[in-house]
>>> print(open('protein32.cif').read())   # mmCIF, N, CA and C atoms
data_data
#
loop_
_atom_site.label_atom_id
_atom_site.label_comp_id
_atom_site.auth_asym_id
_atom_site.auth_seq_id
_atom_site.Cartn_x
_atom_site.Cartn_y
_atom_site.Cartn_z
N MET A 1304 2.99 1.80 22.19
CA MET A 1304 3.11 0.47 21.62
C MET A 1304 2.96 0.54 20.11
N ALA A 1305 3.84 -0.11 19.39
CA ALA A 1305 3.82 -0.10 17.94
C ALA A 1305 2.71 -1.01 17.41
N TYR A 1306 2.16 -0.63 16.29
CA TYR A 1306 1.16 -1.44 15.62
C TYR A 1306 1.86 -2.54 14.83
N LYS A 1307 1.21 -3.69 14.75
CA LYS A 1307 1.71 -4.79 13.95
C LYS A 1307 1.16 -4.65 12.53
N ILE A 1308 2.01 -4.86 11.52
CA ILE A 1308 1.61 -4.76 10.12
C ILE A 1308 1.36 -6.17 9.59
N ILE A 1309 0.19 -6.36 8.99
CA ILE A 1309 -0.09 -7.64 8.33
C ILE A 1309 -0.50 -7.36 6.89
N TRP A 1310 -0.07 -8.24 6.01
CA TRP A 1310 -0.38 -8.13 4.58
C TRP A 1310 -1.53 -9.08 4.25
N SER A 1311 -2.59 -8.57 3.67
CA SER A 1311 -3.68 -9.43 3.22
C SER A 1311 -3.21 -10.17 1.96
N PRO A 1312 -3.87 -11.27 1.61
CA PRO A 1312 -3.54 -11.95 0.36
C PRO A 1312 -3.66 -11.02 -0.86
N GLU A 1313 -4.65 -10.14 -0.84
CA GLU A 1313 -4.83 -9.18 -1.94
C GLU A 1313 -3.65 -8.21 -2.02
N ALA A 1314 -3.16 -7.74 -0.89
CA ALA A 1314 -2.01 -6.83 -0.88
C ALA A 1314 -0.78 -7.53 -1.45
N ILE A 1315 -0.57 -8.78 -1.05
CA ILE A 1315 0.57 -9.54 -1.58
C ILE A 1315 0.44 -9.70 -3.08
N HIS A 1316 -0.75 -10.08 -3.53
CA HIS A 1316 -0.98 -10.28 -4.97
C HIS A 1316 -0.78 -9.00 -5.77
N THR A 1317 -1.36 -7.91 -5.30
CA THR A 1317 -1.26 -6.67 -6.08
C THR A 1317 0.16 -6.10 -6.04
N PHE A 1318 0.87 -6.26 -4.91
CA PHE A 1318 2.26 -5.82 -4.83
C PHE A 1318 3.11 -6.64 -5.81
N ASP A 1319 2.92 -7.96 -5.81
CA ASP A 1319 3.65 -8.82 -6.74
C ASP A 1319 3.36 -8.44 -8.20
N SER A 1320 2.13 -8.07 -8.48
CA SER A 1320 1.76 -7.66 -9.85
C SER A 1320 2.51 -6.39 -10.26
N VAL A 1321 2.64 -5.45 -9.33
CA VAL A 1321 3.39 -4.23 -9.62
C VAL A 1321 4.86 -4.57 -9.90
N ILE A 1322 5.43 -5.46 -9.09
CA ILE A 1322 6.82 -5.87 -9.29
C ILE A 1322 6.98 -6.54 -10.65
N GLU A 1323 6.06 -7.42 -11.00
CA GLU A 1323 6.12 -8.09 -12.31
C GLU A 1323 6.05 -7.08 -13.45
N TYR A 1324 5.19 -6.09 -13.31
CA TYR A 1324 5.08 -5.06 -14.34
C TYR A 1324 6.41 -4.30 -14.46
N LEU A 1325 6.98 -3.94 -13.33
CA LEU A 1325 8.26 -3.21 -13.36
C LEU A 1325 9.37 -4.07 -13.95
N GLU A 1326 9.38 -5.35 -13.65
CA GLU A 1326 10.39 -6.24 -14.23
C GLU A 1326 10.29 -6.30 -15.75
N ALA A 1327 9.07 -6.25 -16.25
CA ALA A 1327 8.85 -6.36 -17.70
C ALA A 1327 9.08 -5.04 -18.44
N HIS A 1328 8.82 -3.92 -17.77
CA HIS A 1328 8.80 -2.64 -18.49
C HIS A 1328 9.78 -1.58 -17.98
N TRP A 1329 10.39 -1.79 -16.83
CA TRP A 1329 11.26 -0.79 -16.26
C TRP A 1329 12.58 -1.43 -15.85
N THR A 1330 13.34 -0.75 -15.03
CA THR A 1330 14.65 -1.26 -14.65
C THR A 1330 14.62 -1.78 -13.21
N HIS A 1331 15.68 -2.46 -12.85
CA HIS A 1331 15.84 -2.97 -11.49
C HIS A 1331 15.82 -1.82 -10.47
N ARG A 1332 16.30 -0.69 -10.89
CA ARG A 1332 16.34 0.48 -10.01
C ARG A 1332 14.94 0.87 -9.52
N GLU A 1333 13.95 0.85 -10.41
CA GLU A 1333 12.58 1.21 -10.02
C GLU A 1333 12.00 0.18 -9.06
N ILE A 1334 12.35 -1.08 -9.25
CA ILE A 1334 11.88 -2.13 -8.34
C ILE A 1334 12.43 -1.89 -6.93
N ILE A 1335 13.71 -1.61 -6.86
CA ILE A 1335 14.35 -1.34 -5.56
C ILE A 1335 13.71 -0.12 -4.90
N LYS A 1336 13.45 0.93 -5.67
CA LYS A 1336 12.81 2.13 -5.11
C LYS A 1336 11.43 1.82 -4.54
N LEU A 1337 10.66 1.03 -5.27
CA LEU A 1337 9.31 0.67 -4.81
C LEU A 1337 9.39 -0.13 -3.51
N ILE A 1338 10.26 -1.12 -3.46
CA ILE A 1338 10.40 -1.95 -2.27
C ILE A 1338 10.86 -1.11 -1.08
N GLN A 1339 11.83 -0.23 -1.29
CA GLN A 1339 12.31 0.64 -0.21
C GLN A 1339 11.20 1.56 0.29
N ARG A 1340 10.46 2.14 -0.64
CA ARG A 1340 9.38 3.06 -0.25
C ARG A 1340 8.28 2.31 0.51
N ALA A 1341 7.94 1.10 0.06
CA ALA A 1341 6.93 0.30 0.76
C ALA A 1341 7.41 -0.03 2.18
N ASN A 1342 8.68 -0.37 2.33
CA ASN A 1342 9.25 -0.64 3.66
C ASN A 1342 9.22 0.60 4.54
N ASP A 1343 9.55 1.75 3.96
CA ASP A 1343 9.50 3.01 4.71
C ASP A 1343 8.09 3.29 5.23
N ILE A 1344 7.10 3.07 4.37
CA ILE A 1344 5.72 3.32 4.76
C ILE A 1344 5.29 2.34 5.86
N GLU A 1345 5.71 1.09 5.75
CA GLU A 1345 5.41 0.12 6.81
C GLU A 1345 5.92 0.61 8.16
N HIS A 1346 7.15 1.10 8.19
CA HIS A 1346 7.73 1.59 9.44
C HIS A 1346 6.96 2.80 9.98
N LEU A 1347 6.53 3.67 9.08
CA LEU A 1347 5.72 4.82 9.52
C LEU A 1347 4.39 4.37 10.09
N LEU A 1348 3.77 3.38 9.45
CA LEU A 1348 2.47 2.89 9.91
C LEU A 1348 2.57 2.20 11.27
N GLU A 1349 3.69 1.56 11.54
CA GLU A 1349 3.88 0.92 12.84
C GLU A 1349 3.80 1.94 13.97
N LYS A 1350 4.32 3.13 13.70
CA LYS A 1350 4.37 4.18 14.72
C LYS A 1350 3.13 5.06 14.74
N ASN A 1351 2.59 5.35 13.56
CA ASN A 1351 1.45 6.25 13.47
C ASN A 1351 0.57 5.88 12.27
N PRO A 1352 -0.36 4.96 12.44
CA PRO A 1352 -1.18 4.52 11.31
C PRO A 1352 -2.14 5.59 10.79
N TYR A 1353 -2.34 6.64 11.56
CA TYR A 1353 -3.24 7.71 11.12
C TYR A 1353 -2.50 8.81 10.36
N LEU A 1354 -1.25 8.56 10.05
CA LEU A 1354 -0.43 9.54 9.35
C LEU A 1354 -0.97 9.87 7.96
N PHE A 1355 -1.53 8.88 7.29
CA PHE A 1355 -1.99 9.07 5.91
C PHE A 1355 -3.49 9.31 5.87
N ARG A 1356 -3.95 9.89 4.79
CA ARG A 1356 -5.34 10.33 4.67
C ARG A 1356 -6.32 9.15 4.64
N GLY A 1357 -7.52 9.46 5.11
CA GLY A 1357 -8.61 8.51 5.01
C GLY A 1357 -9.16 8.51 3.60
N SER A 1358 -9.83 7.46 3.22
CA SER A 1358 -10.42 7.38 1.89
C SER A 1358 -11.92 7.65 2.00
N ASP A 1359 -12.60 7.51 0.88
CA ASP A 1359 -14.05 7.70 0.88
C ASP A 1359 -14.78 6.50 1.47
N LYS A 1360 -14.05 5.42 1.77
CA LYS A 1360 -14.64 4.25 2.41
C LYS A 1360 -14.28 4.26 3.89
N GLU A 1361 -15.23 3.91 4.72
CA GLU A 1361 -15.05 3.96 6.17
C GLU A 1361 -13.89 3.06 6.62
N ASN A 1362 -13.05 3.61 7.47
CA ASN A 1362 -11.93 2.90 8.09
C ASN A 1362 -10.86 2.44 7.10
N ILE A 1363 -10.83 3.01 5.91
CA ILE A 1363 -9.79 2.69 4.93
C ILE A 1363 -8.93 3.94 4.75
N HIS A 1364 -7.63 3.75 4.80
CA HIS A 1364 -6.69 4.84 4.61
C HIS A 1364 -5.85 4.60 3.36
N GLU A 1365 -5.27 5.66 2.83
CA GLU A 1365 -4.49 5.60 1.61
C GLU A 1365 -3.12 6.24 1.82
N ALA A 1366 -2.08 5.52 1.42
CA ALA A 1366 -0.72 6.04 1.48
C ALA A 1366 -0.14 6.00 0.07
N LEU A 1367 0.34 7.14 -0.40
CA LEU A 1367 0.96 7.20 -1.71
C LEU A 1367 2.37 6.62 -1.62
N VAL A 1368 2.57 5.49 -2.29
CA VAL A 1368 3.87 4.80 -2.27
C VAL A 1368 4.79 5.44 -3.30
N THR A 1369 4.30 5.53 -4.52
CA THR A 1369 4.97 6.26 -5.60
C THR A 1369 3.88 7.06 -6.30
N LYS A 1370 4.26 7.86 -7.27
CA LYS A 1370 3.23 8.65 -7.94
C LYS A 1370 2.24 7.78 -8.70
N HIS A 1371 2.57 6.50 -8.90
CA HIS A 1371 1.68 5.59 -9.63
C HIS A 1371 1.10 4.48 -8.77
N ASN A 1372 1.43 4.43 -7.49
CA ASN A 1372 0.98 3.34 -6.63
C ASN A 1372 0.49 3.84 -5.28
N LEU A 1373 -0.71 3.43 -4.95
CA LEU A 1373 -1.36 3.82 -3.71
C LEU A 1373 -1.56 2.56 -2.86
N LEU A 1374 -1.25 2.64 -1.60
CA LEU A 1374 -1.47 1.54 -0.67
C LEU A 1374 -2.74 1.81 0.12
N LEU A 1375 -3.66 0.86 0.09
CA LEU A 1375 -4.89 0.94 0.86
C LEU A 1375 -4.74 0.06 2.09
N TYR A 1376 -5.11 0.59 3.26
CA TYR A 1376 -4.97 -0.18 4.50
C TYR A 1376 -6.07 0.20 5.48
N GLN A 1377 -6.26 -0.67 6.47
CA GLN A 1377 -7.21 -0.35 7.54
C GLN A 1377 -6.55 -0.58 8.88
N ILE A 1378 -7.10 0.09 9.88
CA ILE A 1378 -6.53 0.10 11.22
C ILE A 1378 -7.48 -0.60 12.18
N ASN A 1379 -6.92 -1.45 13.02
CA ASN A 1379 -7.67 -2.07 14.10
C ASN A 1379 -6.99 -1.63 15.41
N ASP A 1380 -7.54 -0.60 16.04
CA ASP A 1380 -6.94 -0.04 17.25
C ASP A 1380 -6.98 -1.01 18.42
N GLU A 1381 -8.05 -1.78 18.54
CA GLU A 1381 -8.19 -2.70 19.66
C GLU A 1381 -7.06 -3.73 19.69
N GLU A 1382 -6.68 -4.24 18.52
CA GLU A 1382 -5.64 -5.25 18.44
C GLU A 1382 -4.28 -4.67 18.04
N LYS A 1383 -4.24 -3.35 17.86
CA LYS A 1383 -3.00 -2.67 17.44
C LYS A 1383 -2.45 -3.28 16.15
N LEU A 1384 -3.36 -3.40 15.16
CA LEU A 1384 -3.00 -3.97 13.85
C LEU A 1384 -3.25 -2.97 12.74
N VAL A 1385 -2.40 -3.02 11.74
CA VAL A 1385 -2.63 -2.33 10.48
C VAL A 1385 -2.62 -3.40 9.40
N GLU A 1386 -3.74 -3.55 8.71
CA GLU A 1386 -3.81 -4.54 7.64
C GLU A 1386 -3.66 -3.85 6.30
N LEU A 1387 -2.62 -4.23 5.57
CA LEU A 1387 -2.43 -3.72 4.22
C LEU A 1387 -3.40 -4.47 3.33
N LEU A 1388 -4.25 -3.73 2.61
CA LEU A 1388 -5.32 -4.35 1.85
C LEU A 1388 -4.97 -4.55 0.38
N SER A 1389 -4.39 -3.51 -0.25
CA SER A 1389 -4.17 -3.58 -1.68
C SER A 1389 -3.24 -2.47 -2.14
N PHE A 1390 -2.50 -2.74 -3.19
CA PHE A 1390 -1.75 -1.71 -3.90
C PHE A 1390 -2.54 -1.41 -5.16
N TRP A 1391 -2.73 -0.13 -5.42
CA TRP A 1391 -3.58 0.28 -6.52
C TRP A 1391 -2.82 1.23 -7.43
N ASP A 1392 -2.90 0.98 -8.73
CA ASP A 1392 -2.26 1.84 -9.74
C ASP A 1392 -3.10 3.10 -9.89
N THR A 1393 -2.51 4.25 -9.61
CA THR A 1393 -3.25 5.52 -9.62
C THR A 1393 -3.71 5.93 -11.02
N ARG A 1394 -3.20 5.27 -12.06
CA ARG A 1394 -3.62 5.59 -13.42
C ARG A 1394 -4.91 4.88 -13.80
N GLN A 1395 -5.39 3.98 -12.96
CA GLN A 1395 -6.62 3.26 -13.22
C GLN A 1395 -7.83 4.14 -12.91
N ASN A 1396 -8.96 3.71 -13.41
CA ASN A 1396 -10.22 4.37 -13.11
C ASN A 1396 -10.48 4.29 -11.61
N PRO A 1397 -10.72 5.41 -10.93
CA PRO A 1397 -10.94 5.39 -9.48
C PRO A 1397 -12.10 4.49 -9.06
N LYS A 1398 -13.08 4.26 -9.92
CA LYS A 1398 -14.20 3.40 -9.57
C LYS A 1398 -13.78 1.94 -9.42
N LYS A 1399 -12.61 1.60 -9.98
CA LYS A 1399 -12.12 0.22 -9.89
C LYS A 1399 -11.27 -0.01 -8.65
N LYS A 1400 -11.02 1.04 -7.88
CA LYS A 1400 -10.14 0.92 -6.72
C LYS A 1400 -10.69 -0.11 -5.75
N SER A 1401 -9.88 -1.11 -5.44
CA SER A 1401 -10.29 -2.16 -4.51
C SER A 1401 -9.84 -1.78 -3.12
N SER A 1402 -10.66 -2.13 -2.16
CA SER A 1402 -10.26 -1.89 -0.77
C SER A 1402 -10.74 -3.04 0.10
N GLY A 1403 -10.56 -4.22 -0.41
CA GLY A 1403 -10.93 -5.38 0.38
C GLY A 1403 -12.40 -5.74 0.29
N ASP A 1404 -13.12 -5.17 -0.71
CA ASP A 1404 -14.53 -5.51 -0.87
C ASP A 1404 -14.72 -6.94 -1.28
#
>>> encode(input="protein32.cif", output="structure tokens")
Amino acid sequence: MAYKIIWSPEAIHTFDSVIEYLEAHWTHREIIKLIQRANDIEHLLEKNPYLFRGSDKENIHEALVTKHNLLLYQINDEEKLVELLSFWDTRQNPKKKSSGD
């Protein structure tokens, strides 16, 4: 049975922020690449949410979307859910990494 993917409000906000940054500083091509890669990762998570590495926080996993963007998510096996928590810019200070705190 496939896992259902849900986006937290924080994941929506941080993903939108990345898109806004790309719109202001990069080309449409980079936006399309990011969206495609995020969709690819969603499909992988539906089939195997344990595919990506765990983080230093309990029950939080990390998927590298691009070399500058990391997706933080958690798994609920009982309900067969994967909740996308946040997109994080890998150039930021690691101590600032949000994971739904």
>>> residues_near_point(input="protein32.cif", point="(-1.7, 10.7, -8.5)", cutoff="8 Å", atoms="all atoms listed in the file", output="PDB file with N, CA and C atoms, in the coordinates of the input")
ATOM      1  N   THR A1369       4.300   5.530  -4.520  1.00  0.00           N
ATOM      2  CA  THR A1369       4.970   6.260  -5.600  1.00  0.00           C
ATOM      3  C   THR A1369       3.880   7.060  -6.300  1.00  0.00           C
ATOM      4  N   LYS A1370       4.260   7.860  -7.270  1.00  0.00           N
ATOM      5  CA  LYS A1370       3.230   8.650  -7.940  1.00  0.00           C
ATOM      6  C   LYS A1370       2.240   7.780  -8.700  1.00  0.00           C
ATOM      7  N   HIS A1371       2.570   6.500  -8.900  1.00  0.00           N
ATOM      8  CA  HIS A1371       1.680   5.590  -9.630  1.00  0.00           C
ATOM      9  C   HIS A1371       1.100   4.480  -8.770  1.00  0.00           C
ATOM     10  N   ASN A1372       1.430   4.430  -7.490  1.00  0.00           N
ATOM     11  CA  ASN A1372       0.980   3.340  -6.630  1.00  0.00           C
ATOM     12  C   ASN A1372       0.490   3.840  -5.280  1.00  0.00           C
ATOM     13  N   ASP A1392      -2.900   0.980  -8.730  1.00  0.00           N
ATOM     14  CA  ASP A1392      -2.260   1.840  -9.740  1.00  0.00           C
ATOM     15  C   ASP A1392      -3.100   3.100  -9.890  1.00  0.00           C
ATOM     16  N   THR A1393      -2.510   4.250  -9.610  1.00  0.00           N
ATOM     17  CA  THR A1393      -3.250   5.520  -9.620  1.00  0.00           C
ATOM     18  C   THR A1393      -3.710   5.930 -11.020  1.00  0.00           C
ATOM     19  N   ARG A1394      -3.200   5.270 -12.060  1.00  0.00           N
ATOM     20  CA  ARG A1394      -3.620   5.590 -13.420  1.00  0.00           C
ATOM     21  C   ARG A1394      -4.910   4.880 -13.800  1.00  0.00           C
TER      22      ARG A1394
END
>>> select_by_dssp(input="protein32.cif", residues="chain A", states="helix (DSSP H, G or I)", output="PyMOL selection string")
chain A and resi 1312-1328+1331-1350+1352-1354+1397-1399
>>> write_last_selection(input="protein32.cif", atoms="N, CA and C atoms", output="short mmCIF file (atom, residue, chain, number, x, y, z; two decimals), in the coordinates of the input")
data_model
loop_
_atom_site.label_atom_id
_atom_site.label_comp_id
_atom_site.auth_asym_id
_atom_site.auth_seq_id
_atom_site.Cartn_x
_atom_site.Cartn_y
_atom_site.Cartn_z
N PRO A 1312 -3.87 -11.27 1.61
CA PRO A 1312 -3.54 -11.95 0.36
C PRO A 1312 -3.66 -11.02 -0.86
N GLU A 1313 -4.65 -10.14 -0.84
CA GLU A 1313 -4.83 -9.18 -1.94
C GLU A 1313 -3.65 -8.21 -2.02
N ALA A 1314 -3.16 -7.74 -0.89
CA ALA A 1314 -2.01 -6.83 -0.88
C ALA A 1314 -0.78 -7.53 -1.45
N ILE A 1315 -0.57 -8.78 -1.05
CA ILE A 1315 0.57 -9.54 -1.58
C ILE A 1315 0.44 -9.70 -3.08
N HIS A 1316 -0.75 -10.08 -3.53
CA HIS A 1316 -0.98 -10.28 -4.97
C HIS A 1316 -0.78 -9.00 -5.77
N THR A 1317 -1.36 -7.91 -5.30
CA THR A 1317 -1.26 -6.67 -6.08
C THR A 1317 0.16 -6.10 -6.04
N PHE A 1318 0.87 -6.26 -4.91
CA PHE A 1318 2.26 -5.82 -4.83
C PHE A 1318 3.11 -6.64 -5.81
N ASP A 1319 2.92 -7.96 -5.81
CA ASP A 1319 3.65 -8.82 -6.74
C ASP A 1319 3.36 -8.44 -8.20
N SER A 1320 2.13 -8.07 -8.48
CA SER A 1320 1.76 -7.66 -9.85
C SER A 1320 2.51 -6.39 -10.26
N VAL A 1321 2.64 -5.45 -9.33
CA VAL A 1321 3.39 -4.23 -9.62
C VAL A 1321 4.86 -4.57 -9.90
N ILE A 1322 5.43 -5.46 -9.09
CA ILE A 1322 6.82 -5.87 -9.29
C ILE A 1322 6.98 -6.54 -10.65
N GLU A 1323 6.06 -7.42 -11.00
CA GLU A 1323 6.12 -8.09 -12.31
C GLU A 1323 6.05 -7.08 -13.45
N TYR A 1324 5.19 -6.09 -13.31
CA TYR A 1324 5.08 -5.06 -14.34
C TYR A 1324 6.41 -4.30 -14.46
N LEU A 1325 6.98 -3.94 -13.33
CA LEU A 1325 8.26 -3.21 -13.36
C LEU A 1325 9.37 -4.07 -13.95
N GLU A 1326 9.38 -5.35 -13.65
CA GLU A 1326 10.39 -6.24 -14.23
C GLU A 1326 10.29 -6.30 -15.75
N ALA A 1327 9.07 -6.25 -16.25
CA ALA A 1327 8.85 -6.36 -17.70
C ALA A 1327 9.08 -5.04 -18.44
N HIS A 1328 8.82 -3.92 -17.77
CA HIS A 1328 8.80 -2.64 -18.49
C HIS A 1328 9.78 -1.58 -17.98
N HIS A 1331 15.68 -2.46 -12.85
CA HIS A 1331 15.84 -2.97 -11.49
C HIS A 1331 15.82 -1.82 -10.47
N ARG A 1332 16.30 -0.69 -10.89
CA ARG A 1332 16.34 0.48 -10.01
C ARG A 1332 14.94 0.87 -9.52
N GLU A 1333 13.95 0.85 -10.41
CA GLU A 1333 12.58 1.21 -10.02
C GLU A 1333 12.00 0.18 -9.06
N ILE A 1334 12.35 -1.08 -9.25
CA ILE A 1334 11.88 -2.13 -8.34
C ILE A 1334 12.43 -1.89 -6.93
N ILE A 1335 13.71 -1.61 -6.86
CA ILE A 1335 14.35 -1.34 -5.56
C ILE A 1335 13.71 -0.12 -4.90
N LYS A 1336 13.45 0.93 -5.67
CA LYS A 1336 12.81 2.13 -5.11
C LYS A 1336 11.43 1.82 -4.54
N LEU A 1337 10.66 1.03 -5.27
CA LEU A 1337 9.31 0.67 -4.81
C LEU A 1337 9.39 -0.13 -3.51
N ILE A 1338 10.26 -1.12 -3.46
CA ILE A 1338 10.40 -1.95 -2.27
C ILE A 1338 10.86 -1.11 -1.08
N GLN A 1339 11.83 -0.23 -1.29
CA GLN A 1339 12.31 0.64 -0.21
C GLN A 1339 11.20 1.56 0.29
N ARG A 1340 10.46 2.14 -0.64
CA ARG A 1340 9.38 3.06 -0.25
C ARG A 1340 8.28 2.31 0.51
N ALA A 1341 7.94 1.10 0.06
CA ALA A 1341 6.93 0.30 0.76
C ALA A 1341 7.41 -0.03 2.18
N ASN A 1342 8.68 -0.37 2.33
CA ASN A 1342 9.25 -0.64 3.66
C ASN A 1342 9.22 0.60 4.54
N ASP A 1343 9.55 1.75 3.96
CA ASP A 1343 9.50 3.01 4.71
C ASP A 1343 8.09 3.29 5.23
N ILE A 1344 7.10 3.07 4.37
CA ILE A 1344 5.72 3.32 4.76
C ILE A 1344 5.29 2.34 5.86
N GLU A 1345 5.71 1.09 5.75
CA GLU A 1345 5.41 0.12 6.81
C GLU A 1345 5.92 0.61 8.16
N HIS A 1346 7.15 1.10 8.19
CA HIS A 1346 7.73 1.59 9.44
C HIS A 1346 6.96 2.80 9.98
N LEU A 1347 6.53 3.67 9.08
CA LEU A 1347 5.72 4.82 9.52
C LEU A 1347 4.39 4.37 10.09
N LEU A 1348 3.77 3.38 9.45
CA LEU A 1348 2.47 2.89 9.91
C LEU A 1348 2.57 2.20 11.27
N GLU A 1349 3.69 1.56 11.54
CA GLU A 1349 3.88 0.92 12.84
C GLU A 1349 3.80 1.94 13.97
N LYS A 1350 4.32 3.13 13.70
CA LYS A 1350 4.37 4.18 14.72
C LYS A 1350 3.13 5.06 14.74
N PRO A 1352 -0.36 4.96 12.44
CA PRO A 1352 -1.18 4.52 11.31
C PRO A 1352 -2.14 5.59 10.79
N TYR A 1353 -2.34 6.64 11.56
CA TYR A 1353 -3.24 7.71 11.12
C TYR A 1353 -2.50 8.81 10.36
N LEU A 1354 -1.25 8.56 10.05
CA LEU A 1354 -0.43 9.54 9.35
C LEU A 1354 -0.97 9.87 7.96
N PRO A 1397 -10.72 5.41 -10.93
CA PRO A 1397 -10.94 5.39 -9.48
C PRO A 1397 -12.10 4.49 -9.06
N LYS A 1398 -13.08 4.26 -9.92
CA LYS A 1398 -14.20 3.40 -9.57
C LYS A 1398 -13.78 1.94 -9.42
N LYS A 1399 -12.61 1.60 -9.98
CA LYS A 1399 -12.12 0.22 -9.89
C LYS A 1399 -11.27 -0.01 -8.65
#
>>> resolve_selection(input="protein32.cif", expression="the PyMOL selection byres (((chain A and resi 1308 and name CA) around 8) and name CA)", output="ChimeraX atom specification")
/A:1306-1307,1309-1310,1345,1348-1349,1384-1387
>>> resolve_selection(input="protein32.cif", expression="the PyMOL selection byres (((chain A and resi 1354 and name CA) around 12) and name CA)", output="list in words")
Ile1344, Glu1345, His1346, Leu1347, Leu1348, Glu1349, Lys1350, Asn1351, Pro1352, Tyr1353, Phe1355, Arg1356, Gly1357, His1364, Glu1365, Ala1366, Leu1367, Tyr1376 and Ile1378 of chain A
>>> closest_residue(input="protein32.cif", among="A:His1316, A:Ser1311, A:Val1368, A:Leu1325", to="Asn1342 (chain A)", atoms="only C-alpha atoms")
A:Val1368
>>> atom_distance(input="protein32.cif", atom1="atom C of Val1321 (chain A)", atom2="atom C of Asn1379 (chain A)")
28.1 Å
>>> atom_distance(input="protein32.cif", atom1="atom C of Glu1381 (chain A)", atom2="CA of Thr1317 (chain A)")
26.6 Å
>>> atom_distance(input="protein32.cif", atom1="atom C of Ser1389 (chain A)", atom2="atom N of Ile1335 (chain A)")
17.6 Å
>>> select_by_dssp(input="protein32.cif", residues="chain A", states="strand (DSSP E)", output="ChimeraX atom specification")
/A:1307-1310,1363-1369,1372-1379,1384-1392
>>> residues_near_point(input="protein32.cif", point="(9.9, -5.1, -1.7)", cutoff="12 Å", atoms="only C-alpha atoms", output="number ranges by chain")
A: 1315, 1318-1323, 1325, 1331-1345, 1368
>>> write_last_selection(input="protein32.cif", atoms="N, CA and C atoms", output="short mmCIF file (atom, residue, chain, number, x, y, z; two decimals), keeping the file's coordinate frame")
data_model
loop_
_atom_site.label_atom_id
_atom_site.label_comp_id
_atom_site.auth_asym_id
_atom_site.auth_seq_id
_atom_site.Cartn_x
_atom_site.Cartn_y
_atom_site.Cartn_z
N ILE A 1315 -0.57 -8.78 -1.05
CA ILE A 1315 0.57 -9.54 -1.58
C ILE A 1315 0.44 -9.70 -3.08
N PHE A 1318 0.87 -6.26 -4.91
CA PHE A 1318 2.26 -5.82 -4.83
C PHE A 1318 3.11 -6.64 -5.81
N ASP A 1319 2.92 -7.96 -5.81
CA ASP A 1319 3.65 -8.82 -6.74
C ASP A 1319 3.36 -8.44 -8.20
N SER A 1320 2.13 -8.07 -8.48
CA SER A 1320 1.76 -7.66 -9.85
C SER A 1320 2.51 -6.39 -10.26
N VAL A 1321 2.64 -5.45 -9.33
CA VAL A 1321 3.39 -4.23 -9.62
C VAL A 1321 4.86 -4.57 -9.90
N ILE A 1322 5.43 -5.46 -9.09
CA ILE A 1322 6.82 -5.87 -9.29
C ILE A 1322 6.98 -6.54 -10.65
N GLU A 1323 6.06 -7.42 -11.00
CA GLU A 1323 6.12 -8.09 -12.31
C GLU A 1323 6.05 -7.08 -13.45
N LEU A 1325 6.98 -3.94 -13.33
CA LEU A 1325 8.26 -3.21 -13.36
C LEU A 1325 9.37 -4.07 -13.95
N HIS A 1331 15.68 -2.46 -12.85
CA HIS A 1331 15.84 -2.97 -11.49
C HIS A 1331 15.82 -1.82 -10.47
N ARG A 1332 16.30 -0.69 -10.89
CA ARG A 1332 16.34 0.48 -10.01
C ARG A 1332 14.94 0.87 -9.52
N GLU A 1333 13.95 0.85 -10.41
CA GLU A 1333 12.58 1.21 -10.02
C GLU A 1333 12.00 0.18 -9.06
N ILE A 1334 12.35 -1.08 -9.25
CA ILE A 1334 11.88 -2.13 -8.34
C ILE A 1334 12.43 -1.89 -6.93
N ILE A 1335 13.71 -1.61 -6.86
CA ILE A 1335 14.35 -1.34 -5.56
C ILE A 1335 13.71 -0.12 -4.90
N LYS A 1336 13.45 0.93 -5.67
CA LYS A 1336 12.81 2.13 -5.11
C LYS A 1336 11.43 1.82 -4.54
N LEU A 1337 10.66 1.03 -5.27
CA LEU A 1337 9.31 0.67 -4.81
C LEU A 1337 9.39 -0.13 -3.51
N ILE A 1338 10.26 -1.12 -3.46
CA ILE A 1338 10.40 -1.95 -2.27
C ILE A 1338 10.86 -1.11 -1.08
N GLN A 1339 11.83 -0.23 -1.29
CA GLN A 1339 12.31 0.64 -0.21
C GLN A 1339 11.20 1.56 0.29
N ARG A 1340 10.46 2.14 -0.64
CA ARG A 1340 9.38 3.06 -0.25
C ARG A 1340 8.28 2.31 0.51
N ALA A 1341 7.94 1.10 0.06
CA ALA A 1341 6.93 0.30 0.76
C ALA A 1341 7.41 -0.03 2.18
N ASN A 1342 8.68 -0.37 2.33
CA ASN A 1342 9.25 -0.64 3.66
C ASN A 1342 9.22 0.60 4.54
N ASP A 1343 9.55 1.75 3.96
CA ASP A 1343 9.50 3.01 4.71
C ASP A 1343 8.09 3.29 5.23
N ILE A 1344 7.10 3.07 4.37
CA ILE A 1344 5.72 3.32 4.76
C ILE A 1344 5.29 2.34 5.86
N GLU A 1345 5.71 1.09 5.75
CA GLU A 1345 5.41 0.12 6.81
C GLU A 1345 5.92 0.61 8.16
N VAL A 1368 2.57 5.49 -2.29
CA VAL A 1368 3.87 4.80 -2.27
C VAL A 1368 4.79 5.44 -3.30
#
>>> closest_residue(input="protein32.cif", among="A:Leu1388, A:Ala1305, A:Gln1377, A:His1328", to="Glu1361 (chain A)", atoms="only N, CA and C atoms")
A:Gln1377
>>> axis_aligned_box(input="protein32.cif", around="region 1311-1328 of chain A", padding_each_side="4 Å", output="AutoDock Vina command-line options")
--center_x 2.8 --center_y -6.8 --center_z -7.4 --size_x 23.2 --size_y 18.4 --size_z 30.2
